[in-house]
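Undergrad: Following this message is one structure expressed as structure tokens.
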Amino acid sequence: MVVANRHLPFPHPPPIARPYISPTVKTFVSLPHSTEAVIPTMTSSSRKLQVMTPVPSDIDIANSVEPLHISEIAKDLNLSPLHYDLYGKYKAKVLLSAFDELQDREDGYYVVVGGITPTPLGEGKSTTTVGLCQALGAYLNKKVVTCLRQPSQGPTFGIKGGAAGGGYSQVIPMDEFNLHLTGDIHAITASNNLLAAAIDARMFHEASQSDKALFNRLCPVNKEGKRSFTDVMFRRLRKLGIS
């Protein structure tokens, strides 16, 4: 675990050194004093978690909890509706302009959880990160936000089965988080596939045909029986810095 200063989009009183020992990674850190706790599934009004024995599956736990409306989470973080775009009831994108507008706020602490080898039950970085934030928020009354990257669909449809954490330390709705979220992962997938197809086609044609054959395909014979580049092609070449 690494602790560093980082600007957070919400205010808190001046830092007061308060020791905390993480029960998961056994790391000693100093945390700023705060009076409110904000985590994805709980506000300062506090909704008590009902722990069941034996522990249900991840999807059953996720479906048993009614998520808070994302506007309630944003309000607890002192974000106005002008600072984010809604994606349904439970998701939103924070606009980059929010950081410029809130840059005069005091810095908080940025805790990075990394380099953890998962246990046989799948308890790794995501589960540890969510669990740590739950401990800081629900038990120590700190104002905390969990920051996870959006999972790729490889682990979701493989043996691993997602990257939303697990058990009672997970992101909800876990199915939307793993499969779609705001749709950005699909745009990245389409872009990657397009680039891969273009490179593959280029390599295939250059390896299987001569320059003359490629030129003949690129520049068909005109009415005068000649082959030449068109003005549009020259403009594209100049735009790419090729002359």
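Chain labels run A, B, ... following the order of the structure tokens; each chain numbers its residues from 1, and ligands are numbered from 1 in the order shown.
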Can you pull out every residue from stretch 85-239 of chain A that DSSP, working from the backbone, puts in helix (DSSP H, G or I), and format the result as JSON, numbers by chain?

TA: {"A": [97, 98, 99, 100, 101, 125, 126, 127, 128, 129, 130, 131, 132, 133, 134, 135, 136, 137, 138, 139, 153, 154, 155, 156, 174, 175, 176, 177, 178, 179, 184, 185, 186, 187, 188, 189, 190, 191, 192, 193, 194, 195, 196, 197, 198, 199, 200, 201, 202, 203, 204, 205, 206, 207, 208, 211, 212, 213, 214, 215, 216, 217, 218, 231, 232, 233, 234, 235, 236, 237, 238, 239]}

Undergrad: Would you mind telling me which residue in A:Ser64, A:Thr53, A:Asn216, A:Thr117 lies nearest to A:Met174 when using only C-alpha atoms?

TA: A:Ser64

Undergrad: May I ask for the distance between atom CA of A:Pro67 and atom CA of A:Pro173, given in Å to one decimal place?

TA: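 Spanning atom CA of A:Pro67 to atom CA of A:Pro173 is a straight-line distance of 7.4 Å.
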
Undergrad: Within 10 Å of stretch 122-142 of chain A, which residues of stretch 168-189 of chain A come that close, and what is the closest atom pair and distance in Å for each? Count only C-alpha atoms and give it as a Markdown table.

TA:
```
| residue | atom | partner | partner_atom | distance |
| --- | --- | --- | --- | --- |
| A:Tyr168 | CA | A:Gly131 | CA | 8.1 |
| A:Ser169 | CA | A:Gly131 | CA | 5.1 |
| A:Gln170 | CA | A:Val130 | CA | 6.2 |
| A:Val171 | CA | A:Val130 | CA | 7.6 |
```

Undergrad: Give the answer as one residue: which of A:Pro118, A:Thr146, A:Leu218, A:Thr182 has the shortest atom-to-atom distance to A:Ala92, using only C-alpha atoms?

TA: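 So, comparing all the options, the nearest one is A:Thr182.
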
Undergrad: I'd like the interatomic distance between atom CA of A:Asp60 and atom CA of A:His180, to a tenth of an Å.

TA: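 It comes out at 19.1 Å.
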
Undergrad: I'd like to know which of A:Ile172, A:Phe99, A:Gln150, A:Phe229 is closest to A:Ile70, using only C-alpha atoms.

TA: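 Distance minimum relative to A:Ile70 lands on A:Ile172.
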